[in-house]
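Single-structure report; data block below.
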Amino acid sequence: MSTDLKTLAEEANERLADASAVEVLAWARETFGDELVVTASMADGALPHLAAEAAPGVDVLFLDTGYHFAETIGTRDAVAATLPINLINALPKQTVAEQDAEYGEKLHDRNPDQCCALRKVEPLNRYLSGYKAWVTGVRREEAPTRANTQIVEYDEKRDMVKLNPIAPWTQEDLDSYISDNGVLVNLLQYDGYPSIGCEPCTQRVAPGEDPRSGRWAGQGKIECGLHT
């Protein structure tokens, strides 16, 4: 454990508790410089847009699992082409075909936790190893597991500072930011997919249902492991 980073995170969380998302990101850029990275799922371009405003040229990491919807890849490419960011495409160690050969086809159906570990968690940990701080788009209202998310945290598992600048935002806050700033949105958001993951593990959600109920439906799983 890095006592310095933990203390820094605790002090920053107290100081930035009422700061705007852009102010949090600007502090992170000033504090960590090129050792700061933003992670983005490309359900929309809100977090990259905020990061580009506060820290132009910042690294933005996208986990390319090999199972994404075409619309998600399209959003990634459009965000990279229109914002002053450095898009990094993080790949698993194995292609989908190589994973199928070793573990059998459709591992995501038989053991989704292992599939997420191979195609999301391991690549994230590998790519994050070159940084001191990472930024996520986690919001408290998304899931019970995220209800206590802090603005600035110490990520003990990775010995990093973890920033969640939009943690207090509601869906209304997010929608307003997107509308007010002309932010790119994954087209699946308009087709019944309020929470977008890998194609084999994401279903449409009926109006009024929990937005994350389409993720790993019927599996009793609500997190991929990146934030737990």
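How things are named: the first chain in the structure tokens is A, the next is B, and so on; residues count from 1 in each chain; ligands count from 1 in the order shown.
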
- Query: Which neighbours of range 114-129 of chain A fall inside 8 Å, counting only C-alpha atoms, when residues of the same chain fewer than 3 positions from it are skipped, and could you give them as a ChimeraX atom specification?
  - Reply: /A:37,63,65,90-93,107-108,111,132,134,158,224-226

Serialized selection, N, CA and C atoms, as a PDB file, in the first residue's frame:
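The new file selection.pdb reads:
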```pdb
ATOM      1  N   VAL A  37      -5.174   8.581 -16.358  1.00  0.00           N
ATOM      2  CA  VAL A  37      -5.876   7.967 -17.487  1.00  0.00           C
ATOM      3  C   VAL A  37      -7.369   7.929 -17.184  1.00  0.00           C
ATOM      4  N   LEU A  63     -11.794  -0.539 -23.171  1.00  0.00           N
ATOM      5  CA  LEU A  63     -11.566  -1.987 -23.124  1.00  0.00           C
ATOM      6  C   LEU A  63     -12.262  -2.651 -24.297  1.00  0.00           C
ATOM      7  N   THR A  65     -13.188  -5.667 -25.782  1.00  0.00           N
ATOM      8  CA  THR A  65     -13.311  -7.074 -25.389  1.00  0.00           C
ATOM      9  C   THR A  65     -13.414  -8.031 -26.565  1.00  0.00           C
ATOM     10  N   ALA A  90      -7.540  -0.941 -25.397  1.00  0.00           N
ATOM     11  CA  ALA A  90      -6.946  -1.977 -24.557  1.00  0.00           C
ATOM     12  C   ALA A  90      -7.488  -3.349 -24.939  1.00  0.00           C
ATOM     13  N   LEU A  91      -6.598  -4.248 -25.319  1.00  0.00           N
ATOM     14  CA  LEU A  91      -6.994  -5.568 -25.806  1.00  0.00           C
ATOM     15  C   LEU A  91      -6.674  -6.665 -24.805  1.00  0.00           C
ATOM     16  N   PRO A  92      -7.503  -7.702 -24.730  1.00  0.00           N
ATOM     17  CA  PRO A  92      -7.171  -8.877 -23.923  1.00  0.00           C
ATOM     18  C   PRO A  92      -5.944  -9.588 -24.500  1.00  0.00           C
ATOM     19  N   LYS A  93      -5.360 -10.480 -23.719  1.00  0.00           N
ATOM     20  CA  LYS A  93      -4.189 -11.218 -24.197  1.00  0.00           C
ATOM     21  C   LYS A  93      -4.553 -12.180 -25.325  1.00  0.00           C
ATOM     22  N   LEU A 107     -17.884 -18.852 -23.511  1.00  0.00           N
ATOM     23  CA  LEU A 107     -17.529 -18.848 -22.090  1.00  0.00           C
ATOM     24  C   LEU A 107     -18.409 -17.876 -21.319  1.00  0.00           C
ATOM     25  N   HIS A 108     -18.810 -16.791 -21.992  1.00  0.00           N
ATOM     26  CA  HIS A 108     -19.656 -15.788 -21.347  1.00  0.00           C
ATOM     27  C   HIS A 108     -20.983 -16.356 -20.879  1.00  0.00           C
ATOM     28  N   ASN A 111     -19.599 -19.250 -17.889  1.00  0.00           N
ATOM     29  CA  ASN A 111     -18.886 -18.691 -16.740  1.00  0.00           C
ATOM     30  C   ASN A 111     -18.599 -17.214 -17.003  1.00  0.00           C
ATOM     31  N   LYS A 132      -0.720   6.444 -12.269  1.00  0.00           N
ATOM     32  CA  LYS A 132      -0.910   6.590 -10.826  1.00  0.00           C
ATOM     33  C   LYS A 132      -2.362   6.862 -10.450  1.00  0.00           C
ATOM     34  N   TRP A 134      -6.648   6.823 -12.045  1.00  0.00           N
ATOM     35  CA  TRP A 134      -7.575   6.543 -13.136  1.00  0.00           C
ATOM     36  C   TRP A 134      -8.952   7.111 -12.820  1.00  0.00           C
ATOM     37  N   ARG A 158      -5.100  -1.872  -6.729  1.00  0.00           N
ATOM     38  CA  ARG A 158      -4.168  -1.481  -7.790  1.00  0.00           C
ATOM     39  C   ARG A 158      -3.118  -0.470  -7.319  1.00  0.00           C
ATOM     40  N   CYS A 224     -18.971  -6.455 -13.492  1.00  0.00           N
ATOM     41  CA  CYS A 224     -17.998  -7.240 -14.256  1.00  0.00           C
ATOM     42  C   CYS A 224     -16.713  -7.476 -13.483  1.00  0.00           C
ATOM     43  N   GLY A 225     -16.524  -6.733 -12.387  1.00  0.00           N
ATOM     44  CA  GLY A 225     -15.330  -6.902 -11.587  1.00  0.00           C
ATOM     45  C   GLY A 225     -14.342  -5.769 -11.658  1.00  0.00           C
ATOM     46  N   LEU A 226     -14.584  -4.807 -12.542  1.00  0.00           N
ATOM     47  CA  LEU A 226     -13.658  -3.679 -12.673  1.00  0.00           C
ATOM     48  C   LEU A 226     -13.678  -2.794 -11.432  1.00  0.00           C
TER      49      LEU A 226
END
```

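Within the 8 Å cut-off around Thr72 in chain A, using only C-alpha atoms and omitting residues fewer than 4 positions from it on the same chain, the listed residues are Met42, Ala43, His68, Arg76 and Asn186 of chain A.
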
- Which residues in range 4-228 of chain A does DSSP call strand (DSSP E or B)? List them as a ChimeraX atom specification. /A:36-39,44,59-63,68,86-90,133-135,152-155,160-163,185,198,202,215

- Message: Could you check the closest approach to Pro207 in chain A for each of A:Pro194, A:Ala46, A:Ile85, A:Ala143 and tell me which residue wins, using only C-alpha atoms?
- Response: A:Pro194

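Relative to CA of Leu188 in chain A, CA of Glu71 in chain A is found at 6.8 Å.
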
Given only C-alpha atoms, how would the per-residue table for range 128-177 of chain A near range 17-27 of chain A read, listing every residue at most 9 Å away with its closest atom pair and distance in Å to one decimal, sorted by chain and number, as CSV?
```
residue,atom,partner,partner_atom,distance
A:Val135,CA,A:Leu25,CA,8.3
A:Gln150,CA,A:Ala17,CA,8.4
A:Ile151,CA,A:Ala17,CA,6.6
A:Val152,CA,A:Ala17,CA,8.5
A:Leu163,CA,A:Val24,CA,8.0
A:Asn164,CA,A:Ala21,CA,8.5
A:Pro165,CA,A:Ala21,CA,4.7
A:Ile166,CA,A:Ala21,CA,5.9
A:Ala167,CA,A:Ala21,CA,9.0
```

- Name all residues at most 10 Å from Val79 in chain A (count only C-alpha atoms; drop same-chain ones fewer than 4 positions away) and give them as an MDAnalysis selection string. chainID A and resid 42 44:46 48:49 73:75 83:85 87 183:185

How would the residues just picked look written out with all heavy atoms as a short mmCIF file (atom, residue, chain, number, x, y, z; two decimals), in the first residue's frame?
```
data_model
loop_
_atom_site.label_atom_id
_atom_site.label_comp_id
_atom_site.auth_asym_id
_atom_site.auth_seq_id
_atom_site.Cartn_x
_atom_site.Cartn_y
_atom_site.Cartn_z
N MET A 42 -17.99 3.95 -23.51
CA MET A 42 -18.57 4.43 -24.76
C MET A 42 -20.07 4.16 -24.87
O MET A 42 -20.61 4.02 -25.96
CB MET A 42 -17.83 3.88 -25.98
CG MET A 42 -16.37 4.30 -26.03
SD MET A 42 -16.15 6.11 -26.01
CE MET A 42 -14.37 6.24 -25.79
N ASP A 44 -21.74 6.52 -23.87
CA ASP A 44 -21.87 7.88 -24.36
C ASP A 44 -20.49 8.52 -24.25
O ASP A 44 -19.56 7.91 -23.71
CB ASP A 44 -22.92 8.68 -23.58
CG ASP A 44 -22.62 8.72 -22.09
OD1 ASP A 44 -21.57 9.26 -21.70
OD2 ASP A 44 -23.43 8.19 -21.31
N GLY A 45 -20.36 9.75 -24.75
CA GLY A 45 -19.07 10.41 -24.71
C GLY A 45 -18.95 11.44 -23.62
O GLY A 45 -18.06 12.30 -23.68
N ALA A 46 -19.81 11.38 -22.59
CA ALA A 46 -19.83 12.42 -21.57
C ALA A 46 -18.52 12.52 -20.81
O ALA A 46 -17.97 13.61 -20.63
CB ALA A 46 -20.99 12.20 -20.60
N PRO A 48 -15.39 11.33 -21.58
CA PRO A 48 -14.32 11.86 -22.43
C PRO A 48 -14.49 13.35 -22.73
O PRO A 48 -13.50 14.09 -22.81
CB PRO A 48 -14.44 11.02 -23.70
CG PRO A 48 -15.02 9.73 -23.24
CD PRO A 48 -15.99 10.12 -22.17
N HIS A 49 -15.72 13.81 -22.90
CA HIS A 49 -15.97 15.23 -23.18
C HIS A 49 -15.54 16.08 -21.99
O HIS A 49 -14.87 17.11 -22.15
CB HIS A 49 -17.46 15.43 -23.48
CG HIS A 49 -17.80 16.80 -23.99
ND1 HIS A 49 -18.02 17.86 -23.14
CD2 HIS A 49 -17.96 17.28 -25.25
CE1 HIS A 49 -18.31 18.94 -23.85
NE2 HIS A 49 -18.28 18.61 -25.13
N ILE A 73 -18.46 0.38 -30.85
CA ILE A 73 -17.20 0.64 -31.57
C ILE A 73 -17.32 1.93 -32.37
O ILE A 73 -16.38 2.74 -32.43
CB ILE A 73 -16.85 -0.54 -32.49
CG1 ILE A 73 -16.65 -1.82 -31.65
CG2 ILE A 73 -15.60 -0.23 -33.31
CD1 ILE A 73 -15.55 -1.73 -30.61
N GLY A 74 -18.48 2.16 -32.96
CA GLY A 74 -18.70 3.39 -33.71
C GLY A 74 -18.64 4.62 -32.82
O GLY A 74 -18.09 5.66 -33.21
N THR A 75 -19.21 4.51 -31.61
CA THR A 75 -19.14 5.62 -30.67
C THR A 75 -17.70 5.88 -30.26
O THR A 75 -17.26 7.05 -30.20
CB THR A 75 -19.99 5.31 -29.42
OG1 THR A 75 -21.33 5.02 -29.82
CG2 THR A 75 -19.99 6.49 -28.45
N LEU A 83 -12.82 14.65 -30.31
CA LEU A 83 -12.37 15.27 -29.07
C LEU A 83 -10.84 15.26 -28.98
O LEU A 83 -10.19 14.34 -29.49
CB LEU A 83 -12.94 14.51 -27.86
CG LEU A 83 -14.45 14.58 -27.63
CD1 LEU A 83 -14.84 13.72 -26.44
CD2 LEU A 83 -14.91 16.02 -27.41
N PRO A 84 -10.26 16.25 -28.30
CA PRO A 84 -8.80 16.28 -28.13
C PRO A 84 -8.34 15.33 -27.03
O PRO A 84 -7.95 15.75 -25.93
CB PRO A 84 -8.53 17.74 -27.78
CG PRO A 84 -9.77 18.19 -27.08
CD PRO A 84 -10.90 17.47 -27.76
N ILE A 85 -8.44 14.04 -27.31
CA ILE A 85 -8.02 13.01 -26.37
C ILE A 85 -7.09 12.04 -27.09
O ILE A 85 -7.02 12.03 -28.32
CB ILE A 85 -9.22 12.22 -25.81
CG1 ILE A 85 -9.98 11.52 -26.95
CG2 ILE A 85 -10.15 13.13 -25.00
CD1 ILE A 85 -11.00 10.51 -26.50
N LEU A 87 -6.93 8.28 -27.54
CA LEU A 87 -7.68 7.05 -27.35
C LEU A 87 -6.74 5.86 -27.35
O LEU A 87 -5.96 5.66 -28.29
CB LEU A 87 -8.74 6.91 -28.45
CG LEU A 87 -9.86 5.86 -28.32
CD1 LEU A 87 -9.38 4.45 -28.56
CD2 LEU A 87 -10.58 5.97 -26.98
N VAL A 183 -23.12 16.17 -26.74
CA VAL A 183 -22.24 15.02 -26.55
C VAL A 183 -22.72 13.82 -27.36
O VAL A 183 -23.92 13.55 -27.46
CB VAL A 183 -22.17 14.65 -25.05
CG1 VAL A 183 -21.42 13.34 -24.83
CG2 VAL A 183 -21.53 15.78 -24.26
N LEU A 184 -21.78 13.11 -27.95
CA LEU A 184 -22.11 11.90 -28.70
C LEU A 184 -22.70 10.83 -27.78
O LEU A 184 -22.25 10.66 -26.65
CB LEU A 184 -20.85 11.34 -29.36
CG LEU A 184 -20.30 12.13 -30.55
CD1 LEU A 184 -18.85 11.75 -30.82
CD2 LEU A 184 -21.17 11.86 -31.78
N VAL A 185 -23.70 10.13 -28.28
CA VAL A 185 -24.37 9.08 -27.50
C VAL A 185 -24.42 7.81 -28.34
O VAL A 185 -24.73 7.86 -29.54
CB VAL A 185 -25.81 9.50 -27.11
CG1 VAL A 185 -26.53 8.37 -26.39
CG2 VAL A 185 -25.77 10.74 -26.23
#
```

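Among the candidates A:Cys201, A:Leu16, A:Ala28, A:Val60, the residue lying nearest to Gln219 in chain A is A:Cys201 (atoms considered: only C-alpha atoms).
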
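Taking only C-alpha atoms into account, Thr149 in chain A lies nearest to A:Asn13 out of the set A:Asn13, A:Leu187, A:Asp64, A:Gly57.
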